[in-house]
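The structure appears right after this line, and notes come after that.
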Amino acid sequence: MSILIKNIGGLVNCRTEYHLLRGKELSSLPTLSNAYLIINDGIIEEYGEMSSFQKKEIDFKHVHDASGKFILPTWCDSHTHIVNAGTRENEFIDKINGLTYTDIAEKGGGILNSANKLQNASEDQLFLDAWNRIEELKKLGTGAIEIKSGYGLTVESELKMLRVIKKLKEKSSISIKSTFLGAHAFPSAYKENHEAYISLIINEMLPVIAKDKLADYIDVFCEQGFFSPNEMELICQEGMKYGLKPKLHINQLSSIGGIQTAINLNALSVDHLETMTETDINDLSNSNTIGTLLPTAAFFLRMPYQPARKLIEAGCAISLASDFNPGSSPSGNMNFVITLSCIQMKMLPEEAINAATINASYAMDLQDSLGSITVGKKANFIFTKPIRSISLLPYSFGSNLIDQVMINGEFIN
């Protein structure tokens, strides 16, 4: 089906060639004014300035006029926990009353709270709830999403989560990647016996995950009171034997050597990075690993934000994601992620948009199909309402400036 979109006010992130962006490159957002875009069978076929358009409108099945609107690639959200069994607003109140993340975890809240709920939830209900969340996120411009397990913490429940994610991958119109996060926390029964739980991950979870092709990546929460760098290394090495690439929770609360271990593992990404030393930043800048920043988690937990400017100026490759989860970031709205990145982390709008599109696509191994306006990539687009500048997206954080979203060449309802 051939579609023409004409008179586009601004066609954003047009790239004939593309690569992972670092440093000053992140502030370059190639945009065509008064442009056209041709889509065929859900794929970008051609684009350019209206002055160079030579075809006849009558040759297209559908013609859309985008006068005054900006069109940009849909967001790639490379870090979420959207398969879960419910909200944790009681902990929200605990935080208001002064309890810390660690305080809540020590009294059975946090990850263990979500695990208890999920263990009692049916697979069908988990699928339905996650499906509804994805459908809502599509309306907000998300066109690809990574989903982690990690709220199961038993063999049966971790596999249940991953089966749900696999079903979502099969049925959803957006691209979905699956990450095994059995090493999210130590279950209460294994709090004093880490080796036994790690053995459960390695010997009982990973073989089934590999056999049933339930995951693309492996993740570990490397943090004081959770998994040490050595434990993370052991788990990742075992996962890598089954072809699972590491995508890791690192440096959220403290710097304990996780960055260096992750780099040695050739991790695709290290995510969070609220707590970064100069050595951590320098080591990350000299690696192929992407630093994924999750500002809505810092916002919700009232933690210091990730040092985005230092990371960019050091030449690190960074991306942005929502960390959508019921405990520390109960929102998958990537538009708000963009706003926080600009306001609180002092990223330029161009930097934030690149970090949430082209760089984020690399953090999901989707760079050849998503993340930029490039011939041959999927026709996944955000259509803004008529606006003067793309900077209005983060500036007008209280307004929904999205007019329509297109996935695979079709507008969603």
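Please note that chains go A, B, ... in the order of the structure tokens, that every chain numbers its residues from 1, and that ligands are numbered from 1 in the order shown.
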
Kindly assemble as a Markdown table a list of the stretch 263-356 of chain A residues that lie within 8 Å of stretch 120-144 of chain A, each paired with its nearest atom pair and their distance in Å to one decimal, using only C-alpha atoms, sorted first by chain and then by ascending residue number.
| residue | atom | partner | partner_atom | distance |
| --- | --- | --- | --- | --- |
| A:Gly332 | CA | A:Leu137 | CA | 6.6 |
| A:Asn333 | CA | A:Leu140 | CA | 6.4 |
| A:Met334 | CA | A:Thr142 | CA | 7.2 |
| A:Asn335 | CA | A:Leu140 | CA | 7.4 |

Item to check | Residues within 6 Å of A:Ile44, only C-alpha atoms, excluding chain neighbours under 6 positions, as a list in words | outcome: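 Everything that qualifies: Val375, Gly376, Lys377 and Ala379 of chain A.
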
With C-alpha atoms retained, export the selected residues as a PDB file, in the first residue's frame.
ATOM      1  CA  VAL A 375      14.928   4.558   3.431  1.00  0.00           C
ATOM      2  CA  GLY A 376      14.274   0.889   4.197  1.00  0.00           C
ATOM      3  CA  LYS A 377      13.356   1.371   7.850  1.00  0.00           C
ATOM      4  CA  ALA A 379       7.313   3.579   8.926  1.00  0.00           C
TER       5      ALA A 379
END

Item to check | Point-to-point distance from atom CA of A:Ala85 to atom CA of A:Ala210, Å rounded to tenths | outcome: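 Interatomic distance, atom CA of A:Ala85 to atom CA of A:Ala210: 24.8 Å.
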
Report as a CSV table (one decimal) with N, CA and C atoms, in the first residue's frame all protein, DNA and RNA residues lying within 10 Å of A:Ala355, evaluated on only C-alpha atoms, omitting residues in the same chain fewer than 2 positions from it.
chain,number,residue,atom,x,y,z
A,20,LEU,N,25.8,5.0,15.9
A,20,LEU,CA,25.6,5.4,17.3
A,20,LEU,C,26.3,6.7,17.6
A,21,LEU,N,25.5,7.6,18.2
A,21,LEU,CA,26.0,9.0,18.3
A,21,LEU,C,26.7,9.2,19.7
A,22,ARG,N,27.8,10.0,19.6
A,22,ARG,CA,28.5,10.3,20.8
A,22,ARG,C,28.9,11.8,20.8
A,26,LEU,N,25.5,14.1,19.1
A,26,LEU,CA,24.2,13.9,19.7
A,26,LEU,C,23.3,15.2,19.6
A,27,SER,N,23.9,16.3,19.4
A,27,SER,CA,23.1,17.6,19.2
A,27,SER,C,22.8,17.9,17.8
A,75,TRP,N,9.5,6.7,19.6
A,75,TRP,CA,10.4,6.4,20.7
A,75,TRP,C,10.8,4.9,20.8
A,76,CYS,N,12.0,4.7,21.1
A,76,CYS,CA,12.4,3.3,21.4
A,76,CYS,C,12.7,3.2,22.9
A,292,THR,N,22.4,3.9,29.4
A,292,THR,CA,21.0,4.3,29.3
A,292,THR,C,20.6,5.0,30.6
A,293,LEU,N,20.1,6.2,30.4
A,293,LEU,CA,19.7,7.0,31.5
A,293,LEU,C,18.2,6.9,31.7
A,317,ALA,N,28.4,7.1,24.7
A,317,ALA,CA,27.2,6.9,24.0
A,317,ALA,C,26.1,6.7,24.9
A,318,ILE,N,25.1,7.6,24.9
A,318,ILE,CA,24.0,7.5,25.9
A,318,ILE,C,22.6,7.4,25.1
A,319,SER,N,21.7,6.7,25.8
A,319,SER,CA,20.3,6.6,25.4
A,319,SER,C,19.4,6.9,26.5
A,320,LEU,N,18.1,7.1,26.2
A,320,LEU,CA,17.1,7.4,27.3
A,320,LEU,C,16.0,6.3,27.3
A,321,ALA,N,15.5,6.0,28.4
A,321,ALA,CA,14.4,5.0,28.5
A,321,ALA,C,13.6,5.4,29.8
A,338,ILE,N,11.8,12.8,27.9
A,338,ILE,CA,12.5,13.9,27.1
A,338,ILE,C,12.5,15.2,27.9
A,341,SER,N,14.9,15.1,30.9
A,341,SER,CA,16.3,15.1,30.4
A,341,SER,C,16.7,16.5,30.1
A,347,MET,N,20.1,18.4,29.0
A,347,MET,CA,20.3,18.0,27.6
A,347,MET,C,19.5,18.9,26.7
A,349,PRO,N,17.2,19.7,23.5
A,349,PRO,CA,16.1,18.9,22.9
A,349,PRO,C,16.6,18.0,21.8
A,350,GLU,N,17.5,18.4,21.0
A,350,GLU,CA,18.1,17.6,19.9
A,350,GLU,C,18.8,16.4,20.5
A,351,GLU,N,19.5,16.6,21.6
A,351,GLU,CA,20.2,15.5,22.2
A,351,GLU,C,19.3,14.5,22.8
A,352,ALA,N,18.2,15.0,23.5
A,352,ALA,CA,17.3,14.1,24.1
A,352,ALA,C,16.5,13.2,23.0
A,353,ILE,N,16.1,13.9,21.9
A,353,ILE,CA,15.4,13.2,20.9
A,353,ILE,C,16.3,12.1,20.2
A,357,THR,N,15.7,8.0,20.3
A,357,THR,CA,15.3,7.4,19.0
A,357,THR,C,16.5,6.6,18.4
A,358,ILE,N,17.5,7.2,17.7
A,358,ILE,CA,18.5,6.5,17.1
A,358,ILE,C,19.4,5.7,18.1
A,359,ASN,N,19.9,6.4,19.1
A,359,ASN,CA,20.7,5.7,20.1
A,359,ASN,C,20.0,4.7,20.9
A,360,ALA,N,18.7,4.9,21.2
A,360,ALA,CA,17.9,3.9,21.9
A,360,ALA,C,17.7,2.7,21.0
A,361,SER,N,17.6,2.9,19.7
A,361,SER,CA,17.4,1.7,18.8
A,361,SER,C,18.6,0.8,18.9
A,362,TYR,N,19.8,1.5,19.0
A,362,TYR,CA,21.0,0.7,19.2
A,362,TYR,C,21.0,-0.1,20.5
A,363,ALA,N,20.4,0.5,21.5
A,363,ALA,CA,20.4,-0.2,22.8
A,363,ALA,C,19.4,-1.4,22.8
A,371,GLY,N,14.4,4.1,14.6
A,371,GLY,CA,15.3,5.1,15.2
A,371,GLY,C,15.6,6.3,14.4

Checklist entry - Which residue out of A:Asn266, A:Thr339, A:Ser389, A:Asn84 has the minimum interatomic distance to A:Asn288 when only C-alpha atoms are used? => result A:Asn266

Checklist entry - Which one of A:Cys14, A:Ile256, A:Leu301, A:Leu265 sits closest to A:Asp280 if you count only C-alpha atoms? => result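 For A:Asp280, the nearest of the candidates is A:Ile256.
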
Checklist entry - Pick the closest to A:Tyr151 from A:Thr100, A:Asn286, A:Ser178, A:Ser114: which is it, counting only C-alpha atoms? => result A:Ser114

Item to check | Counting only C-alpha atoms, the residue of A:Glu195, A:Ser173, A:Asn251, A:Ala189 that sits nearest A:Gly42 | outcome: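 Selected residue with least distance to A:Gly42: A:Ser173.
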
Checklist entry - How would you write, as a list of chain:residue names, the set of residues in stretch 79-181 of chain A that DSSP gives as strand (DSSP E)? => result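 Of stretch 79-181 of chain A, the ones in strand (DSSP E) are A:Thr142, A:Gly143, A:Ala144, A:Ile145, A:Glu146, A:Ile147, A:Lys148, A:Ser175, A:Ile176, A:Lys177, A:Ser178, A:Thr179, A:Phe180, A:Leu181.
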
Using only C-alpha atoms, please write the residues we just selected to a file, as a PDB file, in the first residue's frame.
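part.pdb was written with the following content:
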ATOM      1  CA  THR A 142       6.454   4.457  21.729  1.00  0.00           C
ATOM      2  CA  GLY A 143       7.155   2.229  18.733  1.00  0.00           C
ATOM      3  CA  ALA A 144       9.543  -0.300  20.303  1.00  0.00           C
ATOM      4  CA  ILE A 145       9.942  -1.547  23.845  1.00  0.00           C
ATOM      5  CA  GLU A 146      12.179  -3.811  25.888  1.00  0.00           C
ATOM      6  CA  ILE A 147      10.484  -5.780  28.678  1.00  0.00           C
ATOM      7  CA  LYS A 148      12.247  -7.474  31.579  1.00  0.00           C
ATOM      8  CA  SER A 175       8.928  -4.327  18.137  1.00  0.00           C
ATOM      9  CA  ILE A 176       9.486  -5.954  21.544  1.00  0.00           C
ATOM     10  CA  LYS A 177      12.698  -7.294  23.056  1.00  0.00           C
ATOM     11  CA  SER A 178      12.766  -9.658  26.041  1.00  0.00           C
ATOM     12  CA  THR A 179      15.265  -9.582  28.900  1.00  0.00           C
ATOM     13  CA  PHE A 180      15.734 -12.250  31.579  1.00  0.00           C
ATOM     14  CA  LEU A 181      16.234 -10.530  34.948  1.00  0.00           C
TER      15      LEU A 181
END

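Distances here use only C-alpha atoms; by that measure, the residue among A:Pro229, A:Lys24, A:Leu29, A:Ile111 closest to A:Gly315 is A:Lys24.
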
Item to check | Interatomic distance (Å, one decimal) between atom CA of A:His194 and atom CA of A:Leu112 | outcome: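 Distance between the two atoms: 15.5 Å.
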
Checklist entry - Using only C-alpha atoms, which residue out of A:Asp368, A:Glu91, A:Glu238, A:Glu156 lies closest to A:Ile218? => result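 Checking each of A:Asp368, A:Glu91, A:Glu238, A:Glu156 against A:Ile218, counting only C-alpha atoms, the winner is A:Glu238.
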
Closest contacts (stretch 41-72 of chain A/stretch 398-410 of chain A, max 10 Å, only C-alpha atoms) as JSON lines:
{"residue": "A:Asp41", "atom": "CA", "partner": "A:Gly409", "partner_atom": "CA", "distance": 6.9}
{"residue": "A:Gly42", "atom": "CA", "partner": "A:Gly409", "partner_atom": "CA", "distance": 4.0}
{"residue": "A:Ile43", "atom": "CA", "partner": "A:Gly409", "partner_atom": "CA", "distance": 6.8}
{"residue": "A:Ile44", "atom": "CA", "partner": "A:Gly409", "partner_atom": "CA", "distance": 8.5}
{"residue": "A:Lys69", "atom": "CA", "partner": "A:Asp403", "partner_atom": "CA", "distance": 8.7}
{"residue": "A:Phe70", "atom": "CA", "partner": "A:Ile402", "partner_atom": "CA", "distance": 9.5}
{"residue": "A:Ile71", "atom": "CA", "partner": "A:Val405", "partner_atom": "CA", "distance": 9.4}
{"residue": "A:Leu72", "atom": "CA", "partner": "A:Val405", "partner_atom": "CA", "distance": 9.9}

If you keep N, CA and C atoms, can you produce a file of those selected residues as an mmCIF file, in the first residue's frame?
data_model
loop_
_atom_site.group_PDB
_atom_site.id
_atom_site.type_symbol
_atom_site.label_atom_id
_atom_site.label_comp_id
_atom_site.auth_asym_id
_atom_site.auth_seq_id
_atom_site.Cartn_x
_atom_site.Cartn_y
_atom_site.Cartn_z
ATOM 1 N N ASP A 41 4.086 -0.457 1.837
ATOM 2 C CA ASP A 41 4.000 -1.687 2.637
ATOM 3 C C ASP A 41 4.671 -1.544 3.997
ATOM 4 N N GLY A 42 4.438 -0.402 4.632
ATOM 5 C CA GLY A 42 4.926 -0.189 5.988
ATOM 6 C C GLY A 42 6.391 0.181 6.106
ATOM 7 N N ILE A 43 7.037 0.437 4.960
ATOM 8 C CA ILE A 43 8.466 0.745 4.941
ATOM 9 C C ILE A 43 8.690 2.105 4.281
ATOM 10 N N ILE A 44 9.678 2.859 4.790
ATOM 11 C CA ILE A 44 10.031 4.142 4.179
ATOM 12 C C ILE A 44 10.646 3.890 2.808
ATOM 13 N N LYS A 69 2.996 20.398 10.724
ATOM 14 C CA LYS A 69 3.312 19.338 11.681
ATOM 15 C C LYS A 69 4.764 18.893 11.543
ATOM 16 N N PHE A 70 5.295 18.388 12.646
ATOM 17 C CA PHE A 70 6.594 17.731 12.609
ATOM 18 C C PHE A 70 6.372 16.222 12.651
ATOM 19 N N ILE A 71 7.195 15.490 11.928
ATOM 20 C CA ILE A 71 7.156 14.029 11.953
ATOM 21 C C ILE A 71 8.528 13.538 12.393
ATOM 22 N N LEU A 72 8.548 12.686 13.394
ATOM 23 C CA LEU A 72 9.806 12.135 13.884
ATOM 24 C C LEU A 72 9.641 10.644 14.151
#

Give me every alpha helix (DSSP H) residue in stretch 253-319 of chain A, going by DSSP on the backbone, as a PDB file with N, CA and C atoms, in the first residue's frame.
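Okay, this is what ended up in states_36.pdb:
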ATOM      1  N   GLY A 258      30.721  -2.146  39.062  1.00  0.00           N
ATOM      2  CA  GLY A 258      29.830  -2.748  38.076  1.00  0.00           C
ATOM      3  C   GLY A 258      30.101  -2.273  36.663  1.00  0.00           C
ATOM      4  N   ILE A 259      30.451  -0.995  36.509  1.00  0.00           N
ATOM      5  CA  ILE A 259      30.731  -0.443  35.178  1.00  0.00           C
ATOM      6  C   ILE A 259      31.865  -1.210  34.515  1.00  0.00           C
ATOM      7  N   GLN A 260      32.947  -1.377  35.251  1.00  0.00           N
ATOM      8  CA  GLN A 260      34.124  -2.029  34.683  1.00  0.00           C
ATOM      9  C   GLN A 260      33.836  -3.497  34.347  1.00  0.00           C
ATOM     10  N   THR A 261      33.108  -4.178  35.223  1.00  0.00           N
ATOM     11  CA  THR A 261      32.755  -5.573  34.961  1.00  0.00           C
ATOM     12  C   THR A 261      31.853  -5.673  33.739  1.00  0.00           C
ATOM     13  N   ALA A 262      30.882  -4.765  33.629  1.00  0.00           N
ATOM     14  CA  ALA A 262      29.968  -4.771  32.490  1.00  0.00           C
ATOM     15  C   ALA A 262      30.712  -4.536  31.176  1.00  0.00           C
ATOM     16  N   ILE A 263      31.652  -3.610  31.188  1.00  0.00           N
ATOM     17  CA  ILE A 263      32.436  -3.321  29.984  1.00  0.00           C
ATOM     18  C   ILE A 263      33.254  -4.551  29.588  1.00  0.00           C
ATOM     19  N   ASN A 264      33.839  -5.217  30.570  1.00  0.00           N
ATOM     20  CA  ASN A 264      34.611  -6.432  30.280  1.00  0.00           C
ATOM     21  C   ASN A 264      33.724  -7.537  29.703  1.00  0.00           C
ATOM     22  N   GLU A 278      34.406   9.735  38.264  1.00  0.00           N
ATOM     23  CA  GLU A 278      35.148  10.161  37.073  1.00  0.00           C
ATOM     24  C   GLU A 278      35.745   8.953  36.352  1.00  0.00           C
ATOM     25  N   THR A 279      36.202   7.972  37.115  1.00  0.00           N
ATOM     26  CA  THR A 279      36.745   6.754  36.510  1.00  0.00           C
ATOM     27  C   THR A 279      35.671   5.997  35.747  1.00  0.00           C
ATOM     28  N   ASP A 280      34.479   5.908  36.339  1.00  0.00           N
ATOM     29  CA  ASP A 280      33.363   5.231  35.668  1.00  0.00           C
ATOM     30  C   ASP A 280      33.059   5.899  34.327  1.00  0.00           C
ATOM     31  N   ILE A 281      32.993   7.230  34.339  1.00  0.00           N
ATOM     32  CA  ILE A 281      32.671   7.979  33.115  1.00  0.00           C
ATOM     33  C   ILE A 281      33.754   7.770  32.066  1.00  0.00           C
ATOM     34  N   ASN A 282      35.001   7.856  32.483  1.00  0.00           N
ATOM     35  CA  ASN A 282      36.107   7.683  31.539  1.00  0.00           C
ATOM     36  C   ASN A 282      36.114   6.279  30.947  1.00  0.00           C
ATOM     37  N   ASP A 283      35.888   5.282  31.790  1.00  0.00           N
ATOM     38  CA  ASP A 283      35.884   3.902  31.296  1.00  0.00           C
ATOM     39  C   ASP A 283      34.721   3.665  30.331  1.00  0.00           C
ATOM     40  N   LEU A 284      33.559   4.217  30.649  1.00  0.00           N
ATOM     41  CA  LEU A 284      32.402   4.047  29.768  1.00  0.00           C
ATOM     42  C   LEU A 284      32.638   4.736  28.427  1.00  0.00           C
ATOM     43  N   SER A 285      33.272   5.895  28.459  1.00  0.00           N
ATOM     44  CA  SER A 285      33.510   6.649  27.213  1.00  0.00           C
ATOM     45  C   SER A 285      34.455   5.914  26.270  1.00  0.00           C
ATOM     46  N   PRO A 295      15.753   9.013  33.757  1.00  0.00           N
ATOM     47  CA  PRO A 295      15.501  10.166  34.628  1.00  0.00           C
ATOM     48  C   PRO A 295      14.195  10.101  35.394  1.00  0.00           C
ATOM     49  N   THR A 296      13.181   9.394  34.878  1.00  0.00           N
ATOM     50  CA  THR A 296      11.919   9.341  35.632  1.00  0.00           C
ATOM     51  C   THR A 296      12.072   8.531  36.915  1.00  0.00           C
ATOM     52  N   ALA A 297      13.006   7.580  36.960  1.00  0.00           N
ATOM     53  CA  ALA A 297      13.260   6.849  38.203  1.00  0.00           C
ATOM     54  C   ALA A 297      13.895   7.780  39.235  1.00  0.00           C
ATOM     55  N   ALA A 298      14.862   8.579  38.798  1.00  0.00           N
ATOM     56  CA  ALA A 298      15.471   9.553  39.702  1.00  0.00           C
ATOM     57  C   ALA A 298      14.434  10.569  40.183  1.00  0.00           C
ATOM     58  N   PHE A 299      13.574  10.996  39.286  1.00  0.00           N
ATOM     59  CA  PHE A 299      12.496  11.933  39.618  1.00  0.00           C
ATOM     60  C   PHE A 299      11.578  11.354  40.691  1.00  0.00           C
ATOM     61  N   PHE A 300      11.124  10.130  40.488  1.00  0.00           N
ATOM     62  CA  PHE A 300      10.148   9.529  41.388  1.00  0.00           C
ATOM     63  C   PHE A 300      10.751   9.206  42.753  1.00  0.00           C
ATOM     64  N   LEU A 301      12.039   8.832  42.761  1.00  0.00           N
ATOM     65  CA  LEU A 301      12.712   8.464  44.010  1.00  0.00           C
ATOM     66  C   LEU A 301      13.401   9.655  44.676  1.00  0.00           C
ATOM     67  N   ALA A 308      24.234  13.608  32.829  1.00  0.00           N
ATOM     68  CA  ALA A 308      24.175  13.522  31.369  1.00  0.00           C
ATOM     69  C   ALA A 308      25.210  14.394  30.682  1.00  0.00           C
ATOM     70  N   ARG A 309      25.366  15.623  31.159  1.00  0.00           N
ATOM     71  CA  ARG A 309      26.306  16.531  30.491  1.00  0.00           C
ATOM     72  C   ARG A 309      27.735  16.001  30.579  1.00  0.00           C
ATOM     73  N   LYS A 310      28.138  15.506  31.733  1.00  0.00           N
ATOM     74  CA  LYS A 310      29.488  14.957  31.863  1.00  0.00           C
ATOM     75  C   LYS A 310      29.668  13.752  30.951  1.00  0.00           C
ATOM     76  N   LEU A 311      28.637  12.913  30.874  1.00  0.00           N
ATOM     77  CA  LEU A 311      28.723  11.723  30.024  1.00  0.00           C
ATOM     78  C   LEU A 311      28.849  12.112  28.554  1.00  0.00           C
ATOM     79  N   ILE A 312      28.037  13.081  28.132  1.00  0.00           N
ATOM     80  CA  ILE A 312      28.080  13.520  26.732  1.00  0.00           C
ATOM     81  C   ILE A 312      29.427  14.164  26.419  1.00  0.00           C
ATOM     82  N   GLU A 313      29.881  15.046  27.299  1.00  0.00           N
ATOM     83  CA  GLU A 313      31.135  15.752  27.048  1.00  0.00           C
ATOM     84  C   GLU A 313      32.343  14.820  27.070  1.00  0.00           C
TER      85      GLU A 313
END

Next on the checklist: Can you pull out the residues contacting A:Ile104? Cut-off 9 Å, using only C-alpha atoms, and skip same-chain residues under 6 positions away; I want them as a count of residues only.
Outcome noted: 4

Item to check | Within 8 Å of A:His272 using only C-alpha atoms, minus same-chain residues under 2 positions, as a list in words | outcome: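 What passes the distance filter is His249, Ile250, Asn251, Gln252, Val270, Glu274, Gly291, Thr292, Leu293, Leu294 and Gln306 of chain A.
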
Next on the checklist: I'd like the interatomic distance between atom CA of A:Asn34 and atom CA of A:Leu393, to a tenth of an Å.
Outcome noted: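 Calculated distance between atom CA of A:Asn34 and atom CA of A:Leu393 is 19.0 Å.
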
Next on the checklist: Residues near A:Ile201, anyone? I mean within 8 Å using only C-alpha atoms, not counting same-chain ones fewer than 6 positions away, as a VMD selection string.
Outcome noted: chain A and resid 155 182 to 183 235
